[in-house]
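Q: Starting off with a structure, shown below.
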Amino acid sequence: MESGYWTGFRAILSILQWWAFNVTVIIMNKWIFQKLDFKFPLSVSCVHFICSSLGAYLVIKVLKIKPLIEVDPEDRWRRIFPMSFVFCINIVLGNISLRYIPVSFMQTVKSFTPATTVFLQWLVWGKSFDLQIWSSLVPIVGGILLTSITELSFNIFGFCAALFGCLATSTKTILAESLLHGYKFDSINTVFYMAPFATMILAVPALLLEGVGVLHWLQTHDQLGSSLMILFSSGVFAFCLNFSIFFVIHSTTAVTFNVAGNLKVAVAIMVSWLIFRNPISALNMFGCAITLIGCTFYGYVRHKLSQGAAQVTVSTKAEDLEKQMEALPLDFFFFLGGGWRSRRRAMRQPWRALSRNLNMAVDDTIGSNSTLPESVVWQPVLARWTPTSPLRGLFRNRNGRI
């Protein structure tokens with residue numbers, strides 16, 4: 001059993017490496033667009049997808065660090081391909097926004113994603129939300145409005161790209177709940193399936209729209225070797241970023257992940273300002289701070305509401321199982337007159353049905369709230385409904401389960 005010190009140290013280490021890879025990718029992309037004068041966001045995105053495809057194949061197929069989650073061939077085109085298309089648009093819009101606006105402004109606008117997610121789910125899917133959720137979005141919207149008004153390097157094209165990137169991110173999140181239902185993907189398997197599709201989708205547009213410009217850049221650019229090394233290194237770090245997300249999710253809680261994500265934005269803004277020295281006014285910084293605080297508050301409210309909903313779900317389903325539990329002692333005494341084998345066979349059936357219902361209750365609860373650990377869901381159910389150990393031994397199957 002791991003000690004508390006090691007668990008805390010591992011969580012801090014995973015967050016720091018996540019920050020490092022995320023900030024490195026953002027700064028390198030901005031450096032490529034601004035310092036290397038490689039103004040081709042589609043090509044940069046295509047390089048990232050190629051590197052991510054190769055990296056995921058290496059991790060899963062060659063090194064076997066992560067097991068492959070098998071997906072039916074039909075589901076790859078029916079489920080994974082639409083997700084890959086939205087994923088591709090999201091990455092491309094992010095790189096386009098970096099091409100035209102500073103990192104600080106781009107990161108602040110990207111923080112608008114929670115608001116666009118809630119709005120899309122309410123407008124398109126007709127999902128209702130608690131008043132606390134809507135209230136938590138007020139500082140996010142207000143902070144981004146203040147930041148946009150006071151941005152000294154404002155560019156309407158870059159701003160629109162970042163804003164539509166938020167919509168793409170929200171769409172990807174919403175579609176994942178329906179299209180990927182039944183598959184428990186981690187970040188590495190997600191890249192393994194989506195990056196090749198994204199490369200295929202983006203390769204032709206990048207070649208048609210930016211091919212001539214890229215060839216001209218290759219012929220005229222000084223220090224070509226070091227520039228190409230930076231370009232492809234950004235793709236490698238982009239894959240490492242996905243790998244780091246896998247570790248930070250498994251090493252932290254949902255609240256810690258939310259807070260660390262917002263602090264990561266602050267770190268990226270600070271580092272980018274130190275490198276590129278883009279002008280930032282006091283009001284602009286204040287608007288950015290309000291936005292990040294609003295995002296943190298939104299994540300906290302969402303987590304608290306989801307925890308309450310999970311507890312209600314478990315209690316409701318547990319009450320539905322009470323009648324089955326109360327009927328079992330009567331069945332037990334009813335079959336005392338039979339032989340030992342007949343009693344065991346007859347008594348195993350209601351326990352198996354009860355076990356299936358318990359599993360369904362837990363699966364439904366975890367499915368509706370992926371941030372809730374499985375032990376938290378099982379604990380109140382088993383505490384009330386698991387039979388005592390002598391009786392439990394009568395109804396185990398070959399796998400040791402009831």
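Letters for chains follow the order of the structure tokens (A, B, ...), residue numbers begin at 1 for each chain, and ligand numbers begin at 1 in the order shown.
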Could you name the residues that touch region 107-115 of chain A at 7 Å or less, counting only C-alpha atoms, but leaving out those on the same chain fewer than 2 positions away, as a list of chain:residue names?
A: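 What passes the distance filter is A:Val103, A:Ser104, A:Phe105, A:Thr117, A:Val118, A:Phe119, A:Leu137, A:Ile140, A:Ile144, A:Ala162, A:Leu163, A:Cys166, A:Leu167, A:Thr169, A:Ser170, A:Val265, A:Cys288.
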Q: Please produce an output containing N, CA, C and O atoms for each residue in the selection, written as a PDB file, in the first residue's frame.
A:
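Saved result, out24.pdb, follows:
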```pdb
ATOM      1  N   VAL A 103      -0.037  34.493 -26.876  1.00  0.00           N
ATOM      2  CA  VAL A 103      -0.355  33.297 -26.096  1.00  0.00           C
ATOM      3  C   VAL A 103      -1.278  33.643 -24.934  1.00  0.00           C
ATOM      4  O   VAL A 103      -2.225  32.899 -24.634  1.00  0.00           O
ATOM      5  N   SER A 104      -1.023  34.780 -24.281  1.00  0.00           N
ATOM      6  CA  SER A 104      -1.843  35.163 -23.124  1.00  0.00           C
ATOM      7  C   SER A 104      -3.308  35.324 -23.502  1.00  0.00           C
ATOM      8  O   SER A 104      -4.199  34.829 -22.802  1.00  0.00           O
ATOM      9  N   PHE A 105      -3.567  36.002 -24.612  1.00  0.00           N
ATOM     10  CA  PHE A 105      -4.946  36.218 -25.043  1.00  0.00           C
ATOM     11  C   PHE A 105      -5.578  34.917 -25.511  1.00  0.00           C
ATOM     12  O   PHE A 105      -6.746  34.633 -25.221  1.00  0.00           O
ATOM     13  N   THR A 117     -19.542  24.722 -23.526  1.00  0.00           N
ATOM     14  CA  THR A 117     -20.020  23.356 -23.330  1.00  0.00           C
ATOM     15  C   THR A 117     -21.417  23.351 -22.723  1.00  0.00           C
ATOM     16  O   THR A 117     -22.320  22.649 -23.205  1.00  0.00           O
ATOM     17  N   VAL A 118     -21.614  24.141 -21.672  1.00  0.00           N
ATOM     18  CA  VAL A 118     -22.924  24.223 -21.034  1.00  0.00           C
ATOM     19  C   VAL A 118     -23.955  24.790 -22.007  1.00  0.00           C
ATOM     20  O   VAL A 118     -25.089  24.283 -22.112  1.00  0.00           O
ATOM     21  N   PHE A 119     -23.575  25.823 -22.747  1.00  0.00           N
ATOM     22  CA  PHE A 119     -24.517  26.460 -23.671  1.00  0.00           C
ATOM     23  C   PHE A 119     -24.931  25.500 -24.787  1.00  0.00           C
ATOM     24  O   PHE A 119     -26.116  25.415 -25.139  1.00  0.00           O
ATOM     25  N   LEU A 137     -20.720  30.552 -14.358  1.00  0.00           N
ATOM     26  CA  LEU A 137     -20.228  30.969 -15.670  1.00  0.00           C
ATOM     27  C   LEU A 137     -20.119  32.485 -15.799  1.00  0.00           C
ATOM     28  O   LEU A 137     -19.453  32.978 -16.725  1.00  0.00           O
ATOM     29  N   ILE A 140     -16.566  33.858 -15.717  1.00  0.00           N
ATOM     30  CA  ILE A 140     -15.821  33.426 -16.907  1.00  0.00           C
ATOM     31  C   ILE A 140     -16.141  34.331 -18.088  1.00  0.00           C
ATOM     32  O   ILE A 140     -15.237  34.855 -18.763  1.00  0.00           O
ATOM     33  N   ILE A 144     -13.557  37.228 -19.748  1.00  0.00           N
ATOM     34  CA  ILE A 144     -13.129  37.165 -21.150  1.00  0.00           C
ATOM     35  C   ILE A 144     -13.546  38.433 -21.896  1.00  0.00           C
ATOM     36  O   ILE A 144     -12.793  38.941 -22.748  1.00  0.00           O
ATOM     37  N   ALA A 162      -9.824  31.249 -31.982  1.00  0.00           N
ATOM     38  CA  ALA A 162      -9.779  30.737 -30.611  1.00  0.00           C
ATOM     39  C   ALA A 162     -11.190  30.465 -30.087  1.00  0.00           C
ATOM     40  O   ALA A 162     -11.430  29.463 -29.400  1.00  0.00           O
ATOM     41  N   LEU A 163     -12.140  31.353 -30.430  1.00  0.00           N
ATOM     42  CA  LEU A 163     -13.512  31.185 -29.956  1.00  0.00           C
ATOM     43  C   LEU A 163     -14.163  29.948 -30.584  1.00  0.00           C
ATOM     44  O   LEU A 163     -14.806  29.143 -29.890  1.00  0.00           O
ATOM     45  N   CYS A 166     -12.961  26.864 -29.000  1.00  0.00           N
ATOM     46  CA  CYS A 166     -13.713  26.500 -27.789  1.00  0.00           C
ATOM     47  C   CYS A 166     -14.953  25.698 -28.149  1.00  0.00           C
ATOM     48  O   CYS A 166     -15.281  24.698 -27.490  1.00  0.00           O
ATOM     49  N   LEU A 167     -15.655  26.129 -29.190  1.00  0.00           N
ATOM     50  CA  LEU A 167     -16.842  25.395 -29.631  1.00  0.00           C
ATOM     51  C   LEU A 167     -16.481  23.986 -30.088  1.00  0.00           C
ATOM     52  O   LEU A 167     -17.210  23.019 -29.828  1.00  0.00           O
ATOM     53  N   THR A 169     -13.876  22.222 -29.059  1.00  0.00           N
ATOM     54  CA  THR A 169     -13.534  21.451 -27.861  1.00  0.00           C
ATOM     55  C   THR A 169     -14.789  20.989 -27.135  1.00  0.00           C
ATOM     56  O   THR A 169     -14.888  19.836 -26.691  1.00  0.00           O
ATOM     57  N   SER A 170     -15.761  21.892 -27.005  1.00  0.00           N
ATOM     58  CA  SER A 170     -17.012  21.529 -26.346  1.00  0.00           C
ATOM     59  C   SER A 170     -17.753  20.453 -27.125  1.00  0.00           C
ATOM     60  O   SER A 170     -18.290  19.499 -26.532  1.00  0.00           O
ATOM     61  N   VAL A 265      -2.701  27.477 -17.134  1.00  0.00           N
ATOM     62  CA  VAL A 265      -2.942  28.613 -18.023  1.00  0.00           C
ATOM     63  C   VAL A 265      -2.180  29.831 -17.536  1.00  0.00           C
ATOM     64  O   VAL A 265      -1.564  30.560 -18.329  1.00  0.00           O
ATOM     65  N   CYS A 288      -8.042  38.459 -17.082  1.00  0.00           N
ATOM     66  CA  CYS A 288      -7.530  37.084 -17.158  1.00  0.00           C
ATOM     67  C   CYS A 288      -7.650  36.388 -15.808  1.00  0.00           C
ATOM     68  O   CYS A 288      -8.043  35.213 -15.730  1.00  0.00           O
TER      69      CYS A 288
END
```
Q: Which neighbours of Pro102 (chain A) fall inside 12 Å, counting only C-alpha atoms, when residues of the same chain fewer than 2 positions from it are skipped, and could you give them as a VMD selection string?
A: chain A and resid 26 to 27 29 to 31 33 to 34 94 to 100 104 to 109 148 151 to 155 158 to 159 162 268 to 273 275 to 280
Q: So how far away is CA of Phe81 (chain A) from CA of Leu68 (chain A), in Å?
A: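 These two atoms are separated by 17.8 Å.
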Q: So that I can see what lies close to Leu283 (chain A), please list as a PDB file with C-alpha atoms, in the first residue's frame the residues with an atom at most 8 Å from it, counting only C-alpha atoms and leaving out residues fewer than 6 positions away in the same chain.
A:
```
ATOM      1  CA  LEU A 146     -12.835  42.469 -20.145  1.00  0.00           C
ATOM      2  CA  THR A 147      -9.732  40.751 -21.525  1.00  0.00           C
ATOM      3  CA  THR A 150      -8.443  45.647 -23.200  1.00  0.00           C
TER       4      THR A 150
END
```
